[in-house]
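Chemist: Here you go, this is target_30.tsv (TSV, C-alpha atoms).
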```
chain	number	residue	atom	x	y	z
A	53	MET	CA	-27.17	-12.97	0.69
A	54	HIS	CA	-26.65	-9.91	-1.42
A	55	ALA	CA	-25.38	-9.22	-4.89
A	56	HIS	CA	-24.94	-5.79	-6.37
A	57	PHE	CA	-24.12	-4.95	-9.96
A	58	TYR	CA	-21.80	-2.04	-10.62
A	59	PHE	CA	-21.43	-0.92	-7.03
A	60	ALA	CA	-21.74	2.85	-6.64
A	61	ALA	CA	-19.35	4.62	-4.32
A	62	PRO	CA	-20.97	6.26	-1.28
A	63	GLU	CA	-20.90	10.03	-0.94
A	64	THR	CA	-17.79	11.38	0.76
A	65	SER	CA	-16.33	14.81	1.35
A	66	LEU	CA	-14.78	16.24	-1.77
A	67	SER	CA	-11.32	16.63	-0.22
A	68	ALA	CA	-11.34	13.00	0.96
A	69	GLU	CA	-12.49	11.83	-2.47
A	70	ILE	CA	-9.72	13.74	-4.20
A	71	GLN	CA	-7.04	12.36	-1.88
A	72	THR	CA	-8.31	8.80	-2.31
A	73	LEU	CA	-8.39	9.13	-6.08
A	74	VAL	CA	-4.88	10.60	-6.13
A	75	ASP	CA	-3.52	7.78	-3.97
A	76	LEU	CA	-5.17	5.13	-6.14
A	77	TYR	CA	-3.91	6.82	-9.30
A	78	ARG	CA	-0.37	6.72	-7.95
A	79	THR	CA	-0.64	2.98	-7.32
A	80	MET	CA	-2.04	2.31	-10.79
A	81	VAL	CA	0.61	4.28	-12.68
A	82	ARG	CA	3.38	2.55	-10.70
A	83	ILE	CA	1.96	-0.82	-11.72
A	84	ARG	CA	1.65	0.27	-15.35
A	85	ALA	CA	5.17	1.69	-15.46
A	86	PHE	CA	6.62	-1.45	-13.88
A	87	GLU	CA	4.88	-3.77	-16.32
A	88	ASN	CA	5.67	-1.67	-19.38
A	89	ALA	CA	9.34	-1.81	-18.44
A	90	ALA	CA	9.24	-5.53	-17.67
A	91	GLU	CA	7.54	-6.18	-21.00
A	92	ALA	CA	10.23	-4.30	-22.91
A	93	ALA	CA	12.97	-6.03	-20.92
A	94	SER	CA	11.47	-9.42	-21.73
A	95	GLN	CA	11.52	-8.64	-25.44
A	96	GLY	CA	14.99	-7.10	-25.57
A	97	GLY	CA	13.60	-4.20	-27.56
A	98	VAL	CA	13.70	-0.44	-27.54
A	99	SER	CA	11.46	1.39	-25.08
A	100	ALA	CA	11.37	4.53	-23.02
A	101	TYR	CA	13.74	2.70	-20.69
A	102	GLY	CA	16.41	2.14	-23.32
A	103	LYS	CA	17.79	-1.07	-24.77
A	104	SER	CA	20.03	-3.73	-23.30
A	105	ALA	CA	23.62	-3.53	-24.50
A	106	ASP	CA	23.37	-6.69	-26.60
A	107	GLY	CA	19.67	-6.44	-27.41
A	108	SER	CA	18.90	-9.59	-25.44
A	109	ALA	CA	15.97	-10.17	-23.13
A	110	LYS	CA	16.80	-9.27	-19.54
A	111	VAL	CA	13.61	-10.80	-18.14
A	112	ARG	CA	13.44	-14.45	-19.09
A	113	GLY	CA	10.75	-17.04	-18.71
A	114	PRO	CA	7.00	-16.41	-18.86
A	115	LEU	CA	5.95	-12.83	-18.12
A	116	HIS	CA	2.20	-12.39	-17.63
A	117	LEU	CA	1.06	-8.77	-17.73
A	118	SER	CA	-2.00	-7.30	-16.03
A	119	THR	CA	-2.14	-4.17	-18.20
A	120	GLY	CA	-5.67	-2.78	-18.07
A	121	GLN	CA	-6.50	-4.42	-14.74
A	122	GLU	CA	-4.67	-2.02	-12.42
A	123	ALA	CA	-7.82	-0.69	-10.72
A	124	VAL	CA	-8.56	-4.02	-9.05
A	125	PRO	CA	-5.38	-4.46	-6.96
A	126	ALA	CA	-5.21	-0.72	-6.31
A	127	GLY	CA	-8.77	-0.51	-5.05
A	128	VAL	CA	-8.63	-3.68	-2.95
A	129	CYS	CA	-5.16	-3.44	-1.45
A	130	ALA	CA	-5.74	0.13	-0.31
A	131	HIS	CA	-7.78	-1.41	2.53
A	132	LEU	CA	-5.28	-4.13	3.51
A	133	ARG	CA	-2.84	-3.84	6.38
A	134	ARG	CA	0.75	-4.96	6.22
A	135	ASP	CA	-0.04	-7.99	8.41
A	136	ASP	CA	-2.94	-9.10	6.20
A	137	TYR	CA	-2.17	-11.90	3.77
A	138	LEU	CA	-2.54	-11.96	0.01
A	139	THR	CA	-2.32	-14.75	-2.57
A	140	SER	CA	-1.96	-14.04	-6.24
A	141	THR	CA	-2.00	-15.58	-9.70
A	142	HIS	CA	0.65	-15.95	-12.39
A	143	ARG	CA	-0.36	-12.36	-13.29
A	144	GLY	CA	0.68	-10.92	-9.96
A	145	HIS	CA	2.91	-7.84	-10.35
A	146	GLY	CA	0.05	-5.46	-9.61
A	147	HIS	CA	-1.05	-7.33	-6.49
A	148	THR	CA	2.51	-7.45	-5.17
A	149	LEU	CA	3.17	-3.76	-5.72
A	150	ALA	CA	-0.21	-2.70	-4.33
A	151	LYS	CA	0.43	-4.79	-1.20
A	152	GLY	CA	3.57	-2.78	-0.53
A	153	ALA	CA	6.45	-4.84	-1.92
A	154	ASP	CA	9.62	-2.98	-2.87
A	155	LEU	CA	9.59	-2.15	-6.59
A	156	GLN	CA	13.36	-2.30	-6.99
A	157	SER	CA	13.58	-5.73	-5.35
A	158	MET	CA	10.76	-6.94	-7.58
A	159	MET	CA	12.54	-5.83	-10.73
A	160	SER	CA	15.72	-7.55	-9.55
A	161	GLU	CA	13.66	-10.70	-9.03
A	162	LEU	CA	12.38	-10.55	-12.61
A	163	PHE	CA	16.01	-10.22	-13.75
A	164	GLY	CA	16.88	-13.34	-11.72
A	165	LYS	CA	19.31	-11.45	-9.50
A	166	ALA	CA	20.35	-12.18	-5.92
A	167	ALA	CA	18.87	-8.88	-4.73
A	168	GLY	CA	15.40	-9.96	-5.80
A	169	THR	CA	12.55	-10.51	-3.38
A	170	ASN	CA	13.13	-14.26	-3.68
A	171	GLY	CA	16.84	-14.23	-4.41
A	172	GLY	CA	16.21	-14.53	-8.12
A	173	LYS	CA	14.60	-17.96	-7.77
A	174	GLY	CA	10.96	-17.09	-8.28
A	175	GLY	CA	10.98	-14.73	-11.21
A	176	SER	CA	7.74	-13.18	-12.38
A	177	MET	CA	5.45	-16.17	-12.05
A	178	HIS	CA	6.41	-17.11	-8.49
A	179	ILE	CA	7.19	-13.75	-6.96
A	180	ALA	CA	6.44	-13.38	-3.24
A	181	ASP	CA	7.24	-11.07	-0.35
A	182	PHE	CA	6.35	-12.43	3.06
A	183	SER	CA	7.50	-9.19	4.70
A	184	VAL	CA	4.36	-7.48	3.41
A	185	GLY	CA	2.09	-10.52	3.65
A	186	MET	CA	2.25	-11.35	-0.05
A	187	LEU	CA	2.36	-15.16	0.07
A	188	GLY	CA	3.12	-15.65	-3.58
A	189	ALA	CA	2.14	-15.69	-7.20
A	190	ASN	CA	1.37	-19.13	-8.57
A	191	GLY	CA	1.91	-20.74	-11.95
A	192	VAL	CA	-1.03	-23.12	-11.50
A	193	VAL	CA	-4.48	-21.70	-12.27
A	194	GLY	CA	-6.56	-21.55	-9.11
A	195	ALA	CA	-3.80	-22.92	-6.89
A	196	GLY	CA	-3.59	-19.76	-4.80
A	197	MET	CA	-7.15	-20.29	-3.57
A	198	PRO	CA	-6.59	-23.22	-1.19
A	199	ILE	CA	-3.38	-21.53	-0.02
A	200	ALA	CA	-5.42	-18.44	0.84
A	201	VAL	CA	-8.00	-20.50	2.69
A	202	GLY	CA	-5.24	-22.24	4.65
A	203	ALA	CA	-3.73	-18.88	5.56
A	204	ALA	CA	-7.12	-17.53	6.62
A	205	HIS	CA	-7.79	-20.63	8.69
A	206	ALA	CA	-4.46	-20.12	10.46
A	207	GLN	CA	-5.41	-16.51	11.17
A	208	LYS	CA	-8.67	-17.68	12.75
A	209	LEU	CA	-7.06	-20.44	14.81
A	210	GLN	CA	-4.45	-18.00	16.08
A	211	ARG	CA	-7.23	-15.52	16.89
A	212	ARG	CA	-5.57	-12.83	14.87
A	213	ASP	CA	-7.60	-9.97	13.45
A	214	GLY	CA	-5.90	-10.10	10.07
A	215	ILE	CA	-7.61	-11.23	6.86
A	216	THR	CA	-6.51	-12.86	3.62
A	217	ALA	CA	-7.24	-11.47	0.16
A	218	CYS	CA	-7.26	-14.07	-2.60
A	219	PHE	CA	-6.94	-12.89	-6.20
A	220	PHE	CA	-7.84	-15.23	-9.07
A	221	GLY	CA	-9.01	-14.98	-12.67
A	222	ASP	CA	-12.25	-15.96	-14.33
A	223	GLY	CA	-10.61	-19.05	-15.78
A	224	ALA	CA	-10.03	-20.36	-12.25
A	225	ILE	CA	-13.73	-20.63	-11.46
A	226	ASN	CA	-13.99	-23.66	-13.73
A	227	ARG	CA	-11.35	-25.55	-11.78
A	228	GLY	CA	-11.82	-27.67	-8.67
A	229	PRO	CA	-9.87	-25.46	-6.23
A	230	PHE	CA	-12.47	-22.71	-6.66
A	231	LEU	CA	-15.32	-24.77	-5.23
A	232	GLU	CA	-13.12	-26.43	-2.61
A	233	ALA	CA	-11.76	-23.11	-1.37
A	234	LEU	CA	-15.10	-21.31	-1.23
A	235	ASN	CA	-16.80	-24.25	0.45
A	236	TRP	CA	-14.11	-24.59	3.15
A	237	ALA	CA	-14.05	-20.85	3.75
A	238	GLN	CA	-17.81	-20.71	4.22
A	239	VAL	CA	-18.09	-23.85	6.36
A	240	TYR	CA	-15.52	-22.45	8.80
A	241	ARG	CA	-16.49	-18.78	8.34
A	242	LEU	CA	-12.93	-17.82	7.53
A	243	PRO	CA	-11.65	-14.24	7.19
A	244	VAL	CA	-10.99	-14.31	3.45
A	245	LEU	CA	-11.96	-11.96	0.63
A	246	PHE	CA	-12.07	-13.72	-2.73
A	247	VAL	CA	-11.38	-11.33	-5.62
A	248	CYS	CA	-12.20	-12.53	-9.12
A	249	GLU	CA	-10.42	-10.46	-11.77
A	250	ASP	CA	-12.79	-11.28	-14.61
A	251	ASN	CA	-10.75	-10.15	-17.62
A	252	ARG	CA	-12.85	-12.23	-20.05
A	253	TRP	CA	-9.95	-14.40	-21.22
A	254	SER	CA	-8.59	-17.72	-19.95
A	255	ALA	CA	-5.10	-17.72	-21.46
A	256	THR	CA	-5.94	-17.73	-25.20
A	257	THR	CA	-9.59	-18.81	-24.90
A	258	ALA	CA	-12.58	-16.54	-24.35
A	259	SER	CA	-14.03	-17.41	-20.94
A	260	GLY	CA	-17.69	-16.75	-21.73
A	261	PRO	CA	-18.41	-19.76	-23.99
A	262	MET	CA	-16.58	-22.02	-21.51
A	263	THR	CA	-18.43	-20.89	-18.38
A	264	ALA	CA	-21.94	-22.02	-17.48
A	265	GLY	CA	-24.19	-19.67	-15.54
A	266	ALA	CA	-23.56	-16.11	-14.42
A	267	GLY	CA	-19.97	-16.59	-13.28
A	268	ALA	CA	-18.03	-16.14	-10.06
A	269	SER	CA	-20.52	-14.07	-8.08
A	270	ALA	CA	-23.43	-16.40	-8.83
A	271	ARG	CA	-21.42	-19.43	-7.79
A	272	ALA	CA	-20.40	-17.72	-4.54
A	273	LEU	CA	-24.03	-16.91	-3.78
A	274	SER	CA	-24.94	-20.57	-4.29
A	275	LEU	CA	-22.69	-21.31	-1.29
A	276	ASP	CA	-24.28	-18.49	0.74
A	277	ILE	CA	-21.18	-16.33	0.37
A	278	PRO	CA	-22.24	-12.70	-0.15
A	279	ALA	CA	-20.91	-11.42	-3.46
A	280	VAL	CA	-20.66	-8.02	-5.11
A	281	GLN	CA	-20.10	-7.44	-8.81
A	282	VAL	CA	-18.34	-4.21	-9.72
A	283	ASP	CA	-16.95	-2.37	-12.72
A	284	GLY	CA	-13.32	-3.39	-12.30
A	285	ASN	CA	-12.07	-0.53	-14.45
A	286	ASP	CA	-13.58	2.11	-12.15
A	287	VAL	CA	-11.02	2.34	-9.36
A	288	MET	CA	-13.27	4.35	-7.05
A	289	ALA	CA	-16.07	1.81	-7.40
A	290	VAL	CA	-13.64	-1.03	-6.67
A	291	HIS	CA	-12.32	0.89	-3.68
A	292	ALA	CA	-15.82	1.44	-2.28
A	293	ALA	CA	-16.98	-2.14	-2.82
A	294	ALA	CA	-13.79	-3.54	-1.30
A	295	ALA	CA	-14.15	-1.26	1.72
A	296	THR	CA	-17.57	-2.71	2.53
A	297	LEU	CA	-16.61	-6.33	1.96
A	298	ILE	CA	-13.31	-6.12	3.83
A	299	ALA	CA	-15.02	-4.47	6.80
A	300	GLU	CA	-17.48	-7.37	6.90
A	301	VAL	CA	-14.72	-9.97	6.66
A	302	ARG	CA	-12.64	-8.23	9.32
A	303	SER	CA	-15.61	-8.10	11.70
A	304	GLY	CA	-15.91	-11.89	11.68
A	305	LEU	CA	-18.87	-12.33	9.33
A	306	GLY	CA	-17.06	-14.88	7.18
A	307	PRO	CA	-15.88	-14.90	3.57
A	308	ARG	CA	-16.97	-12.48	0.88
A	309	LEU	CA	-16.42	-12.36	-2.88
A	310	LEU	CA	-15.73	-9.36	-5.10
A	311	HIS	CA	-16.39	-10.00	-8.79
A	312	ALA	CA	-14.53	-7.28	-10.73
A	313	ILE	CA	-15.30	-7.06	-14.45
A	314	THR	CA	-12.16	-5.84	-16.19
A	315	TYR	CA	-10.14	-6.55	-19.33
A	316	ARG	CA	-6.60	-7.70	-20.10
A	317	VAL	CA	-5.41	-5.62	-23.04
A	318	LYS	CA	-2.15	-7.48	-23.61
A	319	GLY	CA	-1.65	-11.09	-24.69
A	320	HIS	CA	-1.44	-14.03	-22.33
A	321	VAL	CA	2.33	-13.53	-22.03
A	322	SER	CA	4.55	-10.65	-23.07
A	323	VAL	CA	5.47	-12.17	-26.43
A	324	ASP	CA	1.87	-13.10	-27.30
A	325	LEU	CA	0.34	-10.78	-29.91
A	326	ALA	CA	-3.18	-12.05	-29.07
A	327	ALA	CA	-4.08	-12.51	-32.73
A	328	TYR	CA	-6.97	-14.72	-31.58
A	329	ARG	CA	-8.78	-11.60	-30.35
A	330	SER	CA	-10.72	-9.29	-32.66
A	331	PRO	CA	-9.25	-5.79	-33.12
A	332	GLU	CA	-12.71	-4.33	-32.51
A	333	GLU	CA	-12.92	-5.99	-29.10
A	334	LEU	CA	-9.53	-4.63	-28.10
A	335	GLN	CA	-10.33	-1.11	-29.29
A	336	ALA	CA	-13.56	-1.10	-27.30
A	337	ALA	CA	-11.70	-2.28	-24.20
A	338	LEU	CA	-9.02	0.39	-24.55
A	339	LYS	CA	-11.72	3.05	-24.23
A	340	THR	CA	-12.38	1.82	-20.68
A	341	ASP	CA	-8.74	2.03	-19.54
A	342	PRO	CA	-8.81	2.41	-15.73
A	343	ILE	CA	-5.97	4.93	-15.57
A	344	ALA	CA	-7.50	7.18	-18.24
A	345	ARG	CA	-10.87	6.94	-16.48
A	346	ALA	CA	-9.38	7.84	-13.11
A	347	ARG	CA	-7.61	10.79	-14.67
A	348	ALA	CA	-10.87	12.02	-16.19
A	349	GLN	CA	-12.64	11.58	-12.85
A	350	TYR	CA	-9.96	13.60	-11.11
A	351	LEU	CA	-9.92	16.42	-13.66
A	352	ALA	CA	-13.71	16.75	-13.34
A	353	LEU	CA	-13.35	17.64	-9.64
A	354	PRO	CA	-13.10	21.27	-8.51
A	355	GLY	CA	-9.54	22.33	-7.86
A	356	ALA	CA	-7.99	19.44	-9.77
A	357	VAL	CA	-4.52	20.08	-11.16
A	358	ALA	CA	-3.45	17.97	-14.14
A	359	GLN	CA	0.21	18.61	-13.39
A	360	GLU	CA	-0.15	16.67	-10.14
A	361	LEU	CA	-1.03	13.52	-12.04
A	362	ASP	CA	1.67	14.22	-14.63
A	363	ALA	CA	4.23	14.44	-11.84
A	364	MET	CA	3.07	11.10	-10.42
A	365	GLU	CA	3.45	9.41	-13.78
A	366	GLN	CA	6.91	10.85	-14.26
A	367	ALA	CA	7.92	9.80	-10.76
A	368	ALA	CA	6.71	6.26	-11.47
A	369	TYR	CA	8.71	6.03	-14.69
A	370	ASP	CA	11.79	7.50	-13.01
A	371	GLU	CA	11.48	4.98	-10.17
A	372	VAL	CA	11.18	2.11	-12.61
A	373	ALA	CA	14.08	3.35	-14.74
A	374	ALA	CA	16.28	3.44	-11.64
A	375	ALA	CA	15.13	-0.07	-10.69
A	376	LEU	CA	16.05	-1.33	-14.14
A	377	GLY	CA	19.56	0.04	-13.78
A	378	VAL	CA	20.01	-1.54	-10.36
A	379	ALA	CA	18.61	-4.88	-11.53
A	380	ASP	CA	20.80	-4.97	-14.61
A	381	SER	CA	24.01	-4.34	-12.66
A	382	ALA	CA	23.13	-6.46	-9.62
A	383	PRO	CA	25.09	-9.69	-9.08
A	384	TRP	CA	23.73	-13.10	-9.98
A	385	PRO	CA	22.92	-15.51	-7.14
A	386	ASP	CA	25.80	-17.67	-5.92
A	387	ALA	CA	25.53	-21.27	-7.09
A	388	SER	CA	25.34	-22.43	-3.48
A	389	SER	CA	21.99	-20.66	-3.08
A	390	ALA	CA	20.43	-23.43	-5.14
A	391	PHE	CA	20.57	-25.54	-1.98
A	392	THR	CA	18.79	-23.02	0.25
A	393	ASP	CA	15.06	-22.50	0.73
A	394	ILE	CA	14.39	-26.18	0.09
A	395	GLN	CA	12.97	-28.94	2.25
A	396	ASN	CA	15.47	-30.85	4.35
A	397	THR	CA	14.62	-34.55	4.16
A	398	GLY	CA	17.52	-35.62	6.33
A	399	ALA	CA	19.76	-38.52	5.37
A	400	GLY	CA	17.06	-40.20	3.32
A	401	GLN	CA	15.60	-42.45	6.03
A	402	TRP	CA	12.11	-41.70	4.68
A	403	ARG	CA	12.93	-43.58	1.52
```
Turn this file's structure into structure tokens for me.

Modeler:
Amino acid sequence: MHAHFYFAAPETSLSAEIQTLVDLYRTMVRIRAFENAAEAASQGGVSAYGKSADGSAKVRGPLHLSTGQEAVPAGVCAHLRRDDYLTSTHRGHGHTLAKGADLQSMMSELFGKAAGTNGGKGGSMHIADFSVGMLGANGVVGAGMPIAVGAAHAQKLQRRDGITACFFGDGAINRGPFLEALNWAQVYRLPVLFVCEDNRWSATTASGPMTAGAGASARALSLDIPAVQVDGNDVMAVHAAAATLIAEVRSGLGPRLLHAITYRVKGHVSVDLAAYRSPEELQAALKTDPIARARAQYLALPGAVAQELDAMEQAAYDEVAAALGVADSAPWPDASSAFTDIQNTGAGQWR
């Protein structure tokens, strides 16, 4: 068993380090731009993306943002292949984008349009894209964990060399599926990487006072699952830790757990002002913003050019603005689509 606190990235060549940091930065700013736009569209307000013609919300239903947590999906998914699987939470935009899903189709899905990744049926909280191995967000806390274990067990039975990455929040570790999933994965030595995005909040309740012991990594170690704790707002540290764990999982050594300490700077949903949180806590967290930290890391490297990062940010916002326009003008699903993608129970004989 091994547990490391604040995993340090191994030494690499400077050119390789710069390219990795640039690639991770691009992923993070795309996630941030997408969620900023989705947030504004859910509120019907004015933003850099403009305002809907009638001022109404274009994204309806619960919208859970992962603002401030972008380093975790970016750092982990950089090591996943297209045929690897991924399960997410109700806060899954970042995971889906980092896994390679089409941004424009995702925005159309949030708008409930037929061109969406799920034909407009899933929306934000149930978004999925099987074409890139993203098996789905999930509205039930912890429910993606047994799905991930099932997917990983299928991979093992089929003797495939793919793995499954399972994202979940710190609130999920106090629910039954957490223990069930980790136990099953370890008993059968399944190819699954569990990733705890420990953002310190379980909906509107601080997780610390509700969690006994040292948290996700300690509980994994109690089941003999090697676990690494990392600064989840340092994208290079996440990237390095994930590289080691994923290599171990992919080589057949069984499950691993990455415990990423991060922070959710927005409310539980897009219309939640998070008044239950102290302003001092939020201000302290904002100083650890993963995108700002990555930018500072990049600019400290010899030969760094700030304009390169500026161009990435602008490209991300331009891409999102275009996706908003497409999503807004896209057609609604035909009513007949309500009867597709559902289980066929025949003529009712089972009754």

Chemist: What's the separation between CA of Ala217 in chain A and CA of Leu245 in chain A, in Å to one decimal place?

Modeler: 4.8 Å

Chemist: Nearest residue to Phe163 in chain A out of A:Ser381, A:Thr148, A:Gln207, A:Thr397, using all atoms listed in the file?

Modeler: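 Looking only at the distances to Phe163 in chain A, the closest residue turns out to be A:Ser381.
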
Chemist: Rounded to one decimal, what separation in Å do you get between CA of Ala299 in chain A and CA of Tyr315 in chain A?

Modeler: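 These atoms are spaced 26.7 Å apart.
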
Chemist: Could you list, as a list of chain:residue names, every residue within 7 Å of range 180-182 of chain A, counting all atoms listed in the file and ignoring same-chain residues fewer than 4 positions away?

Modeler: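 Near range 180-182 of chain A, the qualifying residues are A:Ala153, A:Thr169, A:Asn170, A:Met186, A:Leu187, A:Gly188, A:Ala189.
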
Chemist: Report, in Å with one decimal, the straight-line distance from CA of His147 in chain A to CA of Ala374 in chain A.

Modeler: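 Atom-to-atom, CA of His147 in chain A and CA of Ala374 in chain A are spaced 21.0 Å apart.
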
Chemist: For a cutoff of 12 Å around the file-coordinate point (10.6, -18.9, -8.0), which residues qualify once you count all atoms listed in the file? I'd like the result as a tab-separated table (two decimals) with C-alpha atoms, keeping the file's coordinate frame.

Modeler:
```tsv
chain	number	residue	atom	x	y	z
A	113	GLY	CA	10.75	-17.04	-18.71
A	114	PRO	CA	7.00	-16.41	-18.86
A	142	HIS	CA	0.65	-15.95	-12.39
A	158	MET	CA	10.76	-6.94	-7.58
A	161	GLU	CA	13.66	-10.70	-9.03
A	162	LEU	CA	12.38	-10.55	-12.61
A	163	PHE	CA	16.01	-10.22	-13.75
A	164	GLY	CA	16.88	-13.34	-11.72
A	165	LYS	CA	19.31	-11.45	-9.50
A	168	GLY	CA	15.40	-9.96	-5.80
A	169	THR	CA	12.55	-10.51	-3.38
A	170	ASN	CA	13.13	-14.26	-3.68
A	171	GLY	CA	16.84	-14.23	-4.41
A	172	GLY	CA	16.21	-14.53	-8.12
A	173	LYS	CA	14.60	-17.96	-7.77
A	174	GLY	CA	10.96	-17.09	-8.28
A	175	GLY	CA	10.98	-14.73	-11.21
A	176	SER	CA	7.74	-13.18	-12.38
A	177	MET	CA	5.45	-16.17	-12.05
A	178	HIS	CA	6.41	-17.11	-8.49
A	179	ILE	CA	7.19	-13.75	-6.96
A	180	ALA	CA	6.44	-13.38	-3.24
A	181	ASP	CA	7.24	-11.07	-0.35
A	188	GLY	CA	3.12	-15.65	-3.58
A	189	ALA	CA	2.14	-15.69	-7.20
A	190	ASN	CA	1.37	-19.13	-8.57
A	191	GLY	CA	1.91	-20.74	-11.95
A	390	ALA	CA	20.43	-23.43	-5.14
A	393	ASP	CA	15.06	-22.50	0.73
A	394	ILE	CA	14.39	-26.18	0.09
```

Chemist: For Met159 in chain A, which residue out of A:Ala126, A:Met80, A:Ala344, A:Ala90 is the nearest one, using all atoms listed in the file?

Modeler: A:Ala90

Chemist: Quick one: residues within 12 Å of Glu232 in chain A, all atoms listed in the file counted, chain neighbours fewer than 3 positions away excluded, as an MDAnalysis selection string?

Modeler: chainID A and resid 194:202 224:229 235:239 272 275

Chemist: Calculated over only C-alpha atoms, which of the candidates A:Arg241, A:Arg252, A:Lys110, A:Arg308 has the smallest distance to Ala295 in chain A?

Modeler: A:Arg308

Chemist: Can you list every residue of range 226-259 of chain A that has an atom at most 10 Å from range 316-338 of chain A, with its nearest atom pair and the distance in Å to one decimal, using only C-alpha atoms, ordered by chain then number, as JSON lines?

Modeler:
```
{"residue": "A:Glu249", "atom": "CA", "partner": "A:Arg316", "partner_atom": "CA", "distance": 9.6}
{"residue": "A:Asp250", "atom": "CA", "partner": "A:Arg316", "partner_atom": "CA", "distance": 9.0}
{"residue": "A:Asn251", "atom": "CA", "partner": "A:Arg316", "partner_atom": "CA", "distance": 5.4}
{"residue": "A:Arg252", "atom": "CA", "partner": "A:Arg316", "partner_atom": "CA", "distance": 7.7}
{"residue": "A:Trp253", "atom": "CA", "partner": "A:Arg316", "partner_atom": "CA", "distance": 7.6}
{"residue": "A:Ser254", "atom": "CA", "partner": "A:His320", "partner_atom": "CA", "distance": 8.4}
{"residue": "A:Ala255", "atom": "CA", "partner": "A:His320", "partner_atom": "CA", "distance": 5.3}
{"residue": "A:Thr256", "atom": "CA", "partner": "A:His320", "partner_atom": "CA", "distance": 6.5}
{"residue": "A:Thr257", "atom": "CA", "partner": "A:Tyr328", "partner_atom": "CA", "distance": 8.3}
{"residue": "A:Ala258", "atom": "CA", "partner": "A:Arg329", "partner_atom": "CA", "distance": 8.7}
```

Chemist: Considering all atoms listed in the file, give me a table of residues in range 84-169 of chain A that are at most 9 Å from range 310-314 of chain A, with the closest atom pair and distance in Å for each, as a Markdown table.

Modeler:
```
| residue | atom | partner | partner_atom | distance |
| --- | --- | --- | --- | --- |
| A:Gly120 | CA | A:Thr314 | CA | 7.4 |
| A:Gln121 | CA | A:Thr314 | CA | 6.0 |
| A:Ala123 | CA | A:Thr314 | CA | 8.7 |
| A:Val124 | CA | A:Ala312 | CA | 7.0 |
```

Chemist: Here is a test: counting only C-alpha atoms, which residue of A:Gly284, A:Gly144, A:Pro354, A:Gly304 is nearest to Arg211 in chain A?

Modeler: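 Of A:Gly284, A:Gly144, A:Pro354, A:Gly304, the one nearest Arg211 in chain A is A:Gly304, counting only C-alpha atoms.
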
Chemist: Taking (-2.5, -1.4, 2.0) in the coordinates of the supplied file, I want to know which residues reach to within 12 Å of it, counting only C-alpha atoms; could you give the answer as a JSON list (two decimals) with C-alpha atoms, in the coordinates of the input?

Modeler:
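For reference, out27.json as written:
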```
[["chain", "number", "residue", "atom", "x", "y", "z"],
["A", 75, "ASP", "CA", -3.52, 7.78, -3.97],
["A", 76, "LEU", "CA", -5.17, 5.13, -6.14],
["A", 79, "THR", "CA", -0.64, 2.98, -7.32],
["A", 125, "PRO", "CA", -5.38, -4.46, -6.96],
["A", 126, "ALA", "CA", -5.21, -0.72, -6.31],
["A", 127, "GLY", "CA", -8.77, -0.51, -5.05],
["A", 128, "VAL", "CA", -8.63, -3.68, -2.95],
["A", 129, "CYS", "CA", -5.16, -3.44, -1.45],
["A", 130, "ALA", "CA", -5.74, 0.13, -0.31],
["A", 131, "HIS", "CA", -7.78, -1.41, 2.53],
["A", 132, "LEU", "CA", -5.28, -4.13, 3.51],
["A", 133, "ARG", "CA", -2.84, -3.84, 6.38],
["A", 134, "ARG", "CA", 0.75, -4.96, 6.22],
["A", 135, "ASP", "CA", -0.04, -7.99, 8.41],
["A", 136, "ASP", "CA", -2.94, -9.10, 6.20],
["A", 137, "TYR", "CA", -2.17, -11.90, 3.77],
["A", 138, "LEU", "CA", -2.54, -11.96, 0.01],
["A", 147, "HIS", "CA", -1.05, -7.33, -6.49],
["A", 148, "THR", "CA", 2.51, -7.45, -5.17],
["A", 149, "LEU", "CA", 3.17, -3.76, -5.72],
["A", 150, "ALA", "CA", -0.21, -2.70, -4.33],
["A", 151, "LYS", "CA", 0.43, -4.79, -1.20],
["A", 152, "GLY", "CA", 3.57, -2.78, -0.53],
["A", 153, "ALA", "CA", 6.45, -4.84, -1.92],
["A", 184, "VAL", "CA", 4.36, -7.48, 3.41],
["A", 185, "GLY", "CA", 2.09, -10.52, 3.65],
["A", 186, "MET", "CA", 2.25, -11.35, -0.05],
["A", 217, "ALA", "CA", -7.24, -11.47, 0.16],
["A", 291, "HIS", "CA", -12.32, 0.89, -3.68],
["A", 294, "ALA", "CA", -13.79, -3.54, -1.30],
["A", 295, "ALA", "CA", -14.15, -1.26, 1.72],
["A", 298, "ILE", "CA", -13.31, -6.12, 3.83]]
```

Chemist: Which is closer to Gln349 in chain A than all the others in A:Tyr77, A:Tyr240, A:Phe391, A:Phe230, using all atoms listed in the file?

Modeler: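 Among the listed residues, the smallest separation from Gln349 in chain A belongs to A:Tyr77.
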
Chemist: Nearest to Ile83 in chain A: which of A:Ala368, A:Ala204, A:Leu242, A:Leu115 is it, counting only C-alpha atoms?

Modeler: A:Ala368
